[in-house]
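Structure file run_9.csv; described as CSV, C-alpha atoms.
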```
chain,number,residue,atom,x,y,z
A,875,MET,CA,-24.1,7.4,-12.3
A,876,ASP,CA,-21.4,10.1,-12.5
A,877,VAL,CA,-18.5,9.8,-10.1
A,878,VAL,CA,-15.5,12.1,-9.6
A,879,VAL,CA,-12.5,10.4,-8.0
A,880,LEU,CA,-10.1,12.8,-6.3
A,881,GLY,CA,-6.5,11.5,-6.2
A,882,GLY,CA,-4.6,9.6,-8.9
A,883,GLY,CA,-2.5,7.2,-6.8
A,884,LEU,CA,-3.1,3.4,-6.9
A,885,MET,CA,-6.3,3.7,-4.9
A,886,GLY,CA,-7.8,6.3,-7.1
A,887,ALA,CA,-6.7,4.8,-10.4
A,888,ALA,CA,-8.0,1.3,-9.4
A,889,SER,CA,-11.3,2.8,-8.2
A,890,ALA,CA,-11.7,4.6,-11.5
A,891,TYR,CA,-11.1,1.4,-13.4
A,892,PHE,CA,-13.5,-0.8,-11.4
A,893,LEU,CA,-16.2,2.0,-11.4
A,894,ALA,CA,-15.9,2.3,-15.2
A,895,ARG,CA,-16.0,-1.5,-15.5
A,896,ARG,CA,-19.3,-1.4,-13.6
A,897,GLY,CA,-20.7,1.2,-16.0
A,898,ALA,CA,-20.2,4.5,-14.1
A,899,ARG,CA,-19.2,7.7,-15.9
A,900,VAL,CA,-16.0,8.5,-14.1
A,901,THR,CA,-13.6,11.4,-14.0
A,902,LEU,CA,-10.3,10.9,-12.2
A,903,ILE,CA,-8.7,14.1,-11.1
A,904,GLU,CA,-5.0,14.3,-10.0
A,905,ARG,CA,-3.1,17.4,-8.9
A,906,ASN,CA,0.2,16.1,-10.4
A,907,ARG,CA,0.7,13.1,-12.6
A,908,ILE,CA,-1.0,9.7,-12.1
A,909,GLY,CA,0.9,7.5,-9.7
A,910,THR,CA,3.6,10.1,-8.7
A,911,GLY,CA,2.6,10.4,-5.0
A,912,ALA,CA,2.8,7.8,-2.3
A,913,THR,CA,2.4,5.0,-4.8
A,914,VAL,CA,5.6,5.6,-6.7
A,915,ALA,CA,7.5,6.0,-3.4
A,916,SER,CA,6.3,2.6,-2.3
A,917,PHE,CA,8.5,-0.4,-1.7
A,918,GLY,CA,6.1,-2.5,-3.8
A,919,ASN,CA,5.4,-5.1,-1.1
A,920,ILE,CA,2.4,-7.3,-1.6
A,921,ARG,CA,2.1,-8.9,1.8
A,922,ARG,CA,-0.7,-10.1,4.1
A,923,THR,CA,1.7,-11.1,6.9
A,924,GLY,CA,1.4,-9.0,10.0
A,925,ARG,CA,-1.7,-7.0,8.9
A,926,HIS,CA,-4.4,-6.1,11.4
A,927,LEU,CA,-6.8,-8.9,11.3
A,928,SER,CA,-9.7,-6.7,10.1
A,929,GLN,CA,-7.7,-5.9,6.9
A,930,LEU,CA,-7.2,-9.6,5.9
A,931,PRO,CA,-10.5,-10.0,4.0
A,932,LEU,CA,-9.6,-6.9,1.9
A,933,ALA,CA,-6.1,-8.2,1.5
A,934,HIS,CA,-7.3,-11.6,0.3
A,935,ARG,CA,-9.6,-9.8,-2.2
A,936,SER,CA,-6.8,-7.7,-3.4
A,937,LEU,CA,-4.4,-10.6,-3.8
A,938,ARG,CA,-6.8,-12.4,-6.1
A,939,LEU,CA,-6.9,-9.2,-8.3
A,940,TRP,CA,-3.1,-8.8,-8.3
A,941,GLY,CA,-3.1,-12.3,-9.9
A,942,GLU,CA,-5.4,-11.0,-12.7
A,943,THR,CA,-3.7,-7.6,-13.3
A,944,GLU,CA,-1.9,-8.6,-16.5
A,945,LYS,CA,-5.1,-9.9,-18.1
A,946,MET,CA,-7.2,-7.0,-16.8
A,947,LEU,CA,-4.9,-4.2,-17.6
A,948,GLY,CA,-3.3,-5.5,-20.8
A,949,ARG,CA,0.3,-5.1,-19.5
A,950,ASP,CA,2.7,-6.7,-17.1
A,951,VAL,CA,2.9,-4.7,-13.9
A,952,GLU,CA,5.6,-7.1,-12.6
A,953,PHE,CA,3.4,-8.8,-10.0
A,954,ARG,CA,5.4,-11.8,-8.9
A,955,ALA,CA,4.0,-14.2,-6.2
A,956,THR,CA,7.5,-15.2,-5.0
A,957,GLY,CA,6.5,-15.4,-1.4
A,958,HIS,CA,7.1,-13.3,1.7
A,959,ILE,CA,9.6,-14.3,4.4
A,960,ARG,CA,9.9,-12.6,7.8
A,961,LEU,CA,13.1,-13.5,9.7
A,962,ILE,CA,13.1,-13.8,13.5
A,963,PHE,CA,16.1,-13.2,15.7
A,964,ASP,CA,14.8,-13.5,19.3
A,965,GLU,CA,12.4,-15.6,21.4
A,966,ALA,CA,10.0,-12.7,22.0
A,967,SER,CA,9.6,-12.1,18.3
A,968,LEU,CA,9.1,-15.9,17.7
A,969,ALA,CA,6.3,-15.8,20.3
A,970,ASP,CA,4.8,-12.8,18.5
A,971,MET,CA,4.9,-14.6,15.2
A,972,ARG,CA,3.3,-17.8,16.5
A,973,ALA,CA,0.5,-15.9,18.3
A,974,TYR,CA,-0.2,-13.9,15.1
A,975,ALA,CA,-0.2,-17.1,12.9
A,976,GLN,CA,-2.7,-18.7,15.2
A,977,THR,CA,-5.1,-15.8,15.2
A,978,ALA,CA,-4.7,-15.1,11.5
A,979,ARG,CA,-5.5,-18.7,10.5
A,980,PRO,CA,-9.3,-18.4,10.9
A,981,TRP,CA,-9.1,-15.3,8.8
A,982,GLY,CA,-7.6,-17.3,5.9
A,983,LEU,CA,-3.9,-16.7,6.2
A,984,ASP,CA,-1.7,-19.7,6.7
A,985,LEU,CA,1.9,-19.0,7.7
A,986,GLU,CA,4.6,-21.6,7.5
A,987,GLU,CA,7.2,-21.6,10.3
A,988,LEU,CA,10.8,-22.2,9.1
A,989,SER,CA,13.7,-23.5,11.1
A,990,PRO,CA,17.3,-22.1,10.7
A,991,ARG,CA,18.2,-25.1,8.6
A,992,GLU,CA,15.1,-24.5,6.3
A,993,ILE,CA,16.0,-20.9,6.0
A,994,HIS,CA,19.6,-21.7,4.9
A,995,THR,CA,18.5,-24.5,2.6
A,996,ARG,CA,15.7,-22.6,0.8
A,997,PHE,CA,16.9,-19.0,1.0
A,998,ALA,CA,20.7,-19.2,1.2
A,999,GLY,CA,22.4,-15.9,2.3
A,1000,LEU,CA,19.4,-14.6,4.3
A,1001,GLY,CA,19.4,-14.1,8.0
A,1002,PRO,CA,22.3,-16.4,9.0
A,1003,ASN,CA,21.7,-15.6,12.7
A,1004,ALA,CA,17.9,-16.0,12.5
A,1005,ILE,CA,16.4,-18.5,14.9
A,1006,ALA,CA,13.2,-19.0,12.8
A,1007,ALA,CA,11.1,-17.3,10.1
A,1008,SER,CA,7.5,-17.2,8.8
A,1009,PHE,CA,6.8,-17.8,5.1
A,1010,SER,CA,3.7,-16.9,3.1
A,1011,PRO,CA,4.2,-18.4,-0.3
A,1012,HIS,CA,1.4,-16.6,-2.2
A,1013,ASP,CA,2.5,-13.0,-1.4
A,1014,GLY,CA,5.2,-11.2,-3.3
A,1015,SER,CA,5.8,-7.8,-5.0
A,1016,GLY,CA,4.8,-5.5,-7.8
A,1017,ASN,CA,6.2,-2.5,-9.6
A,1018,PRO,CA,5.0,0.8,-8.0
A,1019,ARG,CA,6.0,2.8,-11.1
A,1020,LEU,CA,3.7,0.8,-13.4
A,1021,ILE,CA,0.6,-0.1,-11.5
A,1022,ALA,CA,-1.3,3.2,-11.1
A,1023,PRO,CA,-0.7,4.4,-14.7
A,1024,ALA,CA,-1.8,0.9,-15.9
A,1025,PHE,CA,-5.1,1.1,-14.0
A,1026,ALA,CA,-5.7,4.7,-15.2
A,1027,GLU,CA,-5.0,3.8,-18.9
A,1028,ALA,CA,-7.3,0.8,-18.6
A,1029,ALA,CA,-10.0,3.0,-17.1
A,1030,ARG,CA,-9.5,5.4,-20.0
A,1031,ARG,CA,-10.1,2.6,-22.4
A,1032,LEU,CA,-13.4,1.9,-20.6
A,1033,GLY,CA,-14.5,5.6,-21.1
A,1034,ALA,CA,-13.2,7.2,-17.9
A,1035,GLU,CA,-11.8,10.8,-18.2
A,1036,ILE,CA,-8.3,11.1,-16.7
A,1037,VAL,CA,-7.4,14.7,-15.7
A,1038,GLU,CA,-3.8,15.3,-14.6
A,1039,GLU,CA,-2.0,18.4,-13.3
A,1040,ALA,CA,-5.3,19.9,-12.0
A,1041,LYS,CA,-4.1,22.7,-9.7
A,1042,GLY,CA,-6.1,24.7,-7.3
A,1043,THR,CA,-8.9,22.2,-6.8
A,1044,THR,CA,-12.0,23.3,-4.9
A,1045,ILE,CA,-15.1,21.3,-4.0
A,1046,GLY,CA,-18.6,22.5,-3.9
A,1047,HIS,CA,-21.7,20.6,-2.7
A,1048,THR,CA,-25.3,21.5,-3.7
A,1049,GLY,CA,-27.0,18.8,-1.7
A,1050,SER,CA,-27.7,16.6,-4.7
A,1051,SER,CA,-24.3,16.8,-6.5
A,1052,PHE,CA,-20.7,17.8,-6.2
A,1053,LEU,CA,-18.9,20.4,-8.2
A,1054,VAL,CA,-15.1,20.1,-8.5
A,1055,THR,CA,-13.3,23.1,-10.0
A,1056,SER,CA,-9.7,23.2,-10.9
A,1057,SER,CA,-7.2,24.7,-13.4
A,1058,LYS,CA,-8.4,22.0,-15.9
A,1059,GLY,CA,-12.0,22.8,-15.7
A,1060,THR,CA,-15.2,22.2,-13.7
A,1061,PHE,CA,-16.7,18.7,-13.2
A,1062,ALA,CA,-20.0,17.8,-11.7
A,1063,ALA,CA,-21.0,14.4,-10.3
A,1064,GLU,CA,-23.6,12.7,-8.1
A,1065,CYS,CA,-20.8,11.0,-6.1
A,1066,LEU,CA,-17.3,12.1,-5.0
A,1067,LEU,CA,-14.7,9.5,-4.0
A,1068,ASN,CA,-11.9,10.9,-1.8
A,1069,THR,CA,-8.7,8.9,-2.6
A,1070,ALA,CA,-6.4,11.8,-1.9
A,1071,GLY,CA,-3.9,10.0,0.3
A,1072,ALA,CA,-2.2,12.3,2.8
A,1073,TRP,CA,-4.5,15.1,1.6
A,1074,GLY,CA,-7.6,13.0,2.2
A,1075,ALA,CA,-8.1,14.3,5.8
A,1076,GLY,CA,-8.2,17.8,4.5
A,1077,ILE,CA,-11.0,17.0,2.1
A,1078,ALA,CA,-12.9,15.1,4.7
A,1079,ALA,CA,-12.6,18.1,7.1
A,1080,GLN,CA,-14.5,20.2,4.5
A,1081,PHE,CA,-17.5,18.0,5.2
A,1082,GLY,CA,-17.2,18.1,8.9
A,1083,GLU,CA,-15.3,14.8,9.3
A,1084,ALA,CA,-12.2,15.0,11.4
A,1085,VAL,CA,-9.5,12.3,10.9
A,1086,PRO,CA,-6.3,12.3,13.0
A,1087,LEU,CA,-3.7,11.9,10.2
A,1088,ASP,CA,0.0,12.8,9.9
A,1089,ALA,CA,1.8,13.1,6.6
A,1090,ARG,CA,5.1,11.4,6.8
A,1091,GLY,CA,7.8,10.3,4.4
A,1092,PRO,CA,9.7,6.9,4.5
A,1093,GLN,CA,13.3,6.5,3.5
A,1094,MET,CA,13.9,4.1,0.7
A,1095,GLY,CA,17.0,3.0,-1.3
A,1096,VAL,CA,18.2,0.8,-4.1
A,1097,THR,CA,21.5,-0.8,-4.8
A,1098,GLU,CA,23.5,-1.4,-8.0
A,1099,PRO,CA,22.3,-4.5,-10.0
A,1100,LEU,CA,23.6,-7.8,-8.8
A,1101,PRO,CA,23.0,-11.4,-10.0
A,1102,HIS,CA,19.4,-12.3,-9.3
A,1103,ARG,CA,19.3,-14.7,-6.3
A,1104,ILE,CA,16.7,-13.4,-3.8
A,1105,LEU,CA,13.2,-14.5,-4.8
A,1106,PRO,CA,10.9,-13.6,-1.8
A,1107,VAL,CA,10.3,-10.3,-0.2
A,1108,VAL,CA,12.3,-10.2,3.0
A,1109,GLY,CA,11.2,-8.6,6.3
A,1110,ILE,CA,11.6,-9.1,10.0
A,1111,TRP,CA,9.4,-9.8,13.1
A,1112,THR,CA,10.5,-7.3,15.7
A,1113,ARG,CA,9.1,-4.7,18.1
A,1114,ASP,CA,12.2,-2.5,17.7
A,1115,LYS,CA,11.6,0.1,15.0
A,1116,ASN,CA,15.4,0.5,14.7
A,1117,HIS,CA,15.5,-3.1,13.3
A,1118,GLY,CA,12.4,-3.0,11.2
A,1119,ALA,CA,14.1,-3.3,7.8
A,1120,TYR,CA,12.9,-5.0,4.6
A,1121,LEU,CA,14.2,-5.7,1.1
A,1122,ARG,CA,13.5,-7.3,-2.2
A,1123,GLN,CA,15.5,-7.9,-5.4
A,1124,VAL,CA,13.9,-6.9,-8.7
A,1125,GLU,CA,14.4,-9.0,-11.8
A,1126,ARG,CA,17.0,-6.5,-13.1
A,1127,GLY,CA,19.1,-7.4,-10.1
A,1128,ASN,CA,18.8,-4.2,-8.0
A,1129,ILE,CA,17.9,-4.6,-4.3
A,1130,VAL,CA,15.3,-2.2,-3.0
A,1131,PHE,CA,15.3,-1.7,0.7
A,1132,GLY,CA,13.6,0.4,3.4
A,1133,GLY,CA,12.6,0.6,7.0
A,1134,ALA,CA,14.7,1.1,10.2
A,1135,ALA,CA,14.7,4.9,9.6
A,1136,GLU,CA,12.1,7.2,11.3
A,1137,ARG,CA,9.5,8.5,8.9
A,1138,VAL,CA,9.8,12.3,8.9
A,1139,LEU,CA,6.9,14.7,9.0
A,1140,VAL,CA,6.0,16.2,5.6
A,1141,ASP,CA,4.5,19.6,4.8
A,1142,LEU,CA,1.6,19.0,2.5
A,1143,ASP,CA,2.7,22.0,0.5
A,1144,PRO,CA,4.8,21.0,-1.5
A,1145,GLY,CA,4.0,17.5,-0.3
A,1146,HIS,CA,7.2,15.5,-0.6
A,1147,ALA,CA,10.1,14.6,1.6
A,1148,ALA,CA,13.8,14.1,0.8
A,1149,ALA,CA,15.8,11.1,2.0
A,1150,ASP,CA,18.3,11.9,4.7
A,1151,PRO,CA,21.8,10.6,3.8
A,1152,MET,CA,22.8,10.8,7.5
A,1153,ARG,CA,20.3,8.0,8.3
A,1154,LEU,CA,21.5,5.7,5.6
A,1155,GLN,CA,24.4,4.0,7.5
A,1156,ALA,CA,22.2,2.9,10.4
A,1157,GLN,CA,19.5,1.8,7.9
A,1158,LEU,CA,22.0,-0.3,6.0
A,1159,ARG,CA,23.2,-2.0,9.3
A,1160,ALA,CA,19.6,-3.1,9.9
A,1161,VAL,CA,19.2,-4.3,6.3
A,1162,ALA,CA,22.5,-6.2,6.6
A,1163,ARG,CA,21.0,-8.2,9.5
A,1164,LEU,CA,18.7,-9.7,6.9
A,1165,LEU,CA,21.2,-9.9,4.1
A,1166,PRO,CA,24.9,-9.5,5.2
A,1167,SER,CA,26.2,-9.3,1.7
A,1168,ILE,CA,24.5,-6.0,1.1
A,1169,ALA,CA,27.3,-4.4,3.2
A,1170,ARG,CA,29.6,-4.7,0.2
A,1171,VAL,CA,27.2,-3.3,-2.4
A,1172,ALA,CA,26.9,0.3,-3.7
A,1173,VAL,CA,23.7,2.2,-3.1
A,1174,ILE,CA,22.9,4.1,-6.2
A,1175,ARG,CA,19.7,6.1,-5.2
A,1176,THR,CA,17.6,7.0,-2.1
A,1177,TRP,CA,14.2,8.6,-2.1
A,1178,SER,CA,11.2,9.4,0.0
A,1179,GLY,CA,7.6,10.4,-0.5
A,1180,CYS,CA,4.4,11.5,1.3
A,1181,GLU,CA,2.1,9.0,3.0
A,1182,GLY,CA,-0.9,9.5,5.3
A,1183,TYR,CA,-0.7,7.9,8.7
A,1184,VAL,CA,-3.9,7.6,10.7
A,1185,ARG,CA,-3.6,7.5,14.5
A,1186,ASP,CA,-4.8,3.9,14.8
A,1187,MET,CA,-2.9,2.8,11.6
A,1188,LEU,CA,-6.1,1.7,9.9
A,1189,PRO,CA,-7.4,3.2,6.7
A,1190,VAL,CA,-10.5,5.3,6.3
A,1191,MET,CA,-12.8,3.5,3.8
A,1192,GLY,CA,-16.5,3.7,3.1
A,1193,ARG,CA,-19.4,6.2,3.1
A,1194,SER,CA,-19.2,9.7,4.6
A,1195,ALA,CA,-21.0,9.9,7.9
A,1196,THR,CA,-22.2,13.5,7.1
A,1197,THR,CA,-22.7,13.8,3.4
A,1198,PRO,CA,-24.7,11.5,1.1
A,1199,GLY,CA,-22.8,10.7,-2.1
A,1200,LEU,CA,-19.4,11.2,-0.5
A,1201,PHE,CA,-17.1,8.3,-0.1
A,1202,HIS,CA,-13.6,7.9,1.3
A,1203,ALA,CA,-10.6,5.6,0.8
A,1204,PHE,CA,-7.4,7.2,2.2
A,1205,GLY,CA,-5.0,7.0,5.1
A,1206,PHE,CA,-3.4,3.6,4.4
A,1207,SER,CA,-0.5,4.4,6.7
A,1208,GLY,CA,2.4,3.1,4.6
A,1209,HIS,CA,0.9,-0.3,4.0
A,1210,GLY,CA,-1.6,0.3,1.3
A,1211,PHE,CA,0.2,-1.0,-1.8
A,1212,GLN,CA,-1.0,-4.6,-1.5
A,1213,LEU,CA,-4.5,-3.4,-0.8
A,1214,GLY,CA,-4.8,-1.2,-3.9
A,1215,PRO,CA,-6.7,-3.3,-6.4
A,1216,GLY,CA,-9.0,-4.6,-3.6
A,1217,VAL,CA,-9.7,-1.1,-2.4
A,1218,GLY,CA,-10.7,0.0,-5.9
A,1219,ASP,CA,-12.9,-3.0,-6.5
A,1220,ALA,CA,-14.6,-2.7,-3.0
A,1221,MET,CA,-15.3,1.0,-3.4
A,1222,ALA,CA,-16.7,0.5,-6.8
A,1223,GLU,CA,-19.0,-2.2,-5.5
A,1224,LEU,CA,-20.1,0.0,-2.6
A,1225,ILE,CA,-20.8,3.1,-4.7
A,1226,MET,CA,-22.6,1.2,-7.5
A,1227,THR,CA,-24.6,-1.3,-5.4
A,1228,ASP,CA,-24.8,0.3,-2.0
A,1229,ARG,CA,-23.3,-2.8,-0.5
A,1230,CYS,CA,-19.8,-4.5,-0.2
A,1231,GLU,CA,-19.1,-8.2,0.2
A,1232,THR,CA,-15.9,-7.3,2.1
A,1233,PRO,CA,-16.4,-6.0,5.6
A,1234,LEU,CA,-15.3,-2.4,6.0
A,1235,ASP,CA,-16.9,-1.5,9.3
A,1236,ASP,CA,-13.6,-1.1,11.2
A,1237,PHE,CA,-12.5,1.5,8.6
A,1238,ARG,CA,-15.5,3.9,9.1
A,1239,ILE,CA,-14.6,7.5,9.2
A,1240,ASN,CA,-16.8,8.2,12.3
A,1241,ARG,CA,-14.9,5.8,14.5
A,1242,PHE,CA,-12.8,8.7,15.8
A,1243,ASN,CA,-16.0,10.5,16.9
A,1244,ARG,CA,-17.1,7.4,18.8
A,1245,ALA,CA,-13.6,7.1,20.4
A,1246,ALA,CA,-13.9,10.6,21.6
```
Any chance you could put this one into structure tokens?
Amino acid sequence: MDVVVLGGGLMGAASAYFLARRGARVTLIERNRIGTGATVASFGNIRRTGRHLSQLPLAHRSLRLWGETEKMLGRDVEFRATGHIRLIFDEASLADMRAYAQTARPWGLDLEELSPREIHTRFAGLGPNAIAASFSPHDGSGNPRLIAPAFAEAARRLGAEIVEEAKGTTIGHTGSSFLVTSSKGTFAAECLLNTAGAWGAGIAAQFGEAVPLDARGPQMGVTEPLPHRILPVVGIWTRDKNHGAYLRQVERGNIVFGGAAERVLVDLDPGHAAADPMRLQAQLRAVARLLPSIARVAVIRTWSGCEGYVRDMLPVMGRSATTPGLFHAFGFSGHGFQLGPGVGDAMAELIMTDRCETPLDDFRINRFNRAA
């Protein structure tokens, strides 16, 4: 089977790899360079905590694959299962955490509740005013700069064609095949997989499938390198978006942080946002609630990106509802990094076998028509 994958972020690169591994003849087409879109702007968080319950089977599948990435891809993509801690500062958030933990347990996610003493003993310096925390020991982080190129290169070794800087892409459909034309040539295939991220809704619309999606850019930052002391990814349980910060420390010592700053609307042409330095002070105050010592550290870089946010904050995954041979995997709403390998594996299974062991019904593209 011939498959064209449109979009060379983590979802597209992983899909190309798993399709090629299953014997498909794959062409991956990217308008810029592999992994330079939402993937590289990502925080690198590999978490299951707090996900919509319908995403947990996919998240579990993906976590297993993250653990195999070095063996599969032939390089270290810096996946580290150092755990994920979410700090809690008020009773309402503690109640939210406990309710989520109870409902997530039957879905295969066990969260440990930590007391203030346990937080201080196990994770000194974090959240000194926290009244509790949740801890998921098997989650962690990976390097957003490495993962998509690693999947694409591994796909290439399996015979996939990787086409970068393909400008002016147009899509034709004859009824039995798809024809994708770009500045790098014309490519025909029986199947088309739309992994175009924030641009995915535009591709779906060409086939009569409307998805309510906004393109938005997060605000991220990184500090100067410091002695490496923070092992887990650190987040917060809160309903207040102004406090929704998160951070992690990479092995080189820098602390990467984000959250607590409104995601700005992004024009899809050119398709990237700039970080706003005026928001940095308030963002750092929220981050300092998790790690007070960051107030004395220099921030050396800030950045943003372009992510696709679906109205219900769930991705679009699965078959087209209008066009045989068309498949979608986009709109991961700022929390797709952890899901990437699982998405690629699941979509390859669906395309090649017409079934998927992981339930995807909640992510169907026609759910918006039903809601209307």
Using all atoms listed in the file, pick whichever of A:Ile1005, A:Ile1225, A:Ile1021, A:Ile1239 has the shortest atom-to-atom distance to Ser967 of chain A.
A:Ile1005
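Note that the spacing between atom CA of Leu880 of chain A and atom CA of His934 of chain A amounts to 25.4 Å.
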Can you pull out every residue within 8 Å of Thr1097 of chain A, counting only C-alpha atoms, but drop anything in the same chain fewer than 3 positions away, and send it as a ChimeraX atom specification?
/A:1128-1130,1171-1175
Taking 3 positions as the minimum chain separation for residues in the same chain, which residues sit within 6 Å of segment 1147-1157 of chain A when counting all atoms listed in the file? Answer as a ChimeraX atom specification.
/A:1091,1093,1134-1135,1140,1160,1177-1179
Per residue of segment 1006-1055 of chain A within 10 Å of segment 913-930 of chain A, note the shortest atom pair and the distance in Å to one decimal, counting all atoms listed in the file, and order the rows by chain and increasing residue number, as a Markdown table.
```
| residue | atom | partner | partner_atom | distance |
| --- | --- | --- | --- | --- |
| A:Ser1008 | CA | A:Thr923 | CA | 8.6 |
| A:Phe1009 | CA | A:Thr923 | CA | 8.6 |
| A:Ser1010 | CA | A:Thr923 | CA | 7.2 |
| A:Pro1011 | CA | A:Arg921 | CA | 10.0 |
| A:His1012 | CA | A:Arg921 | CA | 8.7 |
| A:Asp1013 | CA | A:Arg921 | CA | 5.2 |
| A:Gly1014 | CA | A:Ile920 | CA | 5.1 |
| A:Ser1015 | CA | A:Asn919 | CA | 4.8 |
| A:Gly1016 | CA | A:Gly918 | CA | 5.2 |
| A:Asn1017 | CA | A:Gly918 | CA | 5.8 |
| A:Pro1018 | CA | A:Val914 | CA | 5.0 |
| A:Arg1019 | CA | A:Val914 | CA | 5.2 |
| A:Leu1020 | CA | A:Val914 | CA | 8.5 |
| A:Ile1021 | CA | A:Thr913 | CA | 8.6 |
| A:Ala1022 | CA | A:Thr913 | CA | 7.5 |
```
Fewer than 3 positions away in the same chain doesn't count, so skip those; otherwise give me all residues within 10 Å of Ser1050 of chain A, counting all atoms listed in the file, as a ChimeraX atom specification.
/A:1047,1063-1065,1197-1199
Kindly give the distance, in Å, that separates atom CA of Asp1228 of chain A and atom CA of Val878 of chain A, rounded to a single decimal.
16.8 Å
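Nearest to Arg935 of chain A of all the residues A:Asp876, A:Leu988, A:Phe1237, A:Pro1215 is A:Pro1215, based on all atoms listed in the file.
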Name all residues at most 9 Å from Leu1224 of chain A (count all atoms listed in the file; drop same-chain ones fewer than 6 positions away) and give them as an mmCIF file with C-alpha atoms, keeping the file's coordinate frame.
```cif
data_model
loop_
_atom_site.group_PDB
_atom_site.id
_atom_site.type_symbol
_atom_site.label_atom_id
_atom_site.label_comp_id
_atom_site.auth_asym_id
_atom_site.auth_seq_id
_atom_site.Cartn_x
_atom_site.Cartn_y
_atom_site.Cartn_z
ATOM 1 C CA GLY A 1192 -16.500 3.700 3.100
ATOM 2 C CA ARG A 1193 -19.400 6.200 3.100
ATOM 3 C CA CYS A 1230 -19.800 -4.500 -0.200
ATOM 4 C CA GLU A 1231 -19.100 -8.200 0.200
#
```
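Here atom CA of Met875 of chain A and atom CA of Leu893 of chain A stand 9.6 Å from one another.
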Contacts of segment 1052-1062 of chain A at 7 Å or less, counting only C-alpha atoms, minus same-chain residues fewer than 2 places along, as JSON, numbers by chain?
{"A": [1040, 1041, 1042, 1043, 1044, 1045, 1046, 1047, 1048, 1064, 1065, 1066]}
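Each of A:Leu937, A:Leu1164, A:Leu1121, A:Ala975 was compared to Ala955 of chain A using only C-alpha atoms, and A:Leu937 turns out to be the nearest.
Minimum atom-to-atom distances from A:Arg954, A:Ala890, A:Arg1090, A:Glu1039 to Gln1123 of chain A were compared using all atoms listed in the file, and the lowest value belongs to A:Arg954.
Closest approach to Ser1194 of chain A among A:Val900, A:Leu1000, A:Ile1077, A:Ala1162: A:Ile1077, based on only C-alpha atoms.
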Local residues around (-9.8, 1.6, -15.2), at most 8 Å away, using all atoms listed in the file, as a ChimeraX atom specification:
/A:887-895,947,1025-1032,1034
Residue among A:Thr943, A:Pro1101, A:Asn1068, A:Gly1132 lying closest to Gln1080 of chain A, counting only C-alpha atoms:
A:Asn1068
Box time for segment 1154-1161 of chain A: axis-aligned, enclosing all its listed atoms, 4 Å extra on each side; report centre and edge lengths in Å to one decimal, as AutoDock Vina command-line options.
```
--center_x 21.8 --center_y 0.7 --center_z 8.0 --size_x 13.2 --size_y 18.0 --size_z 12.8
```
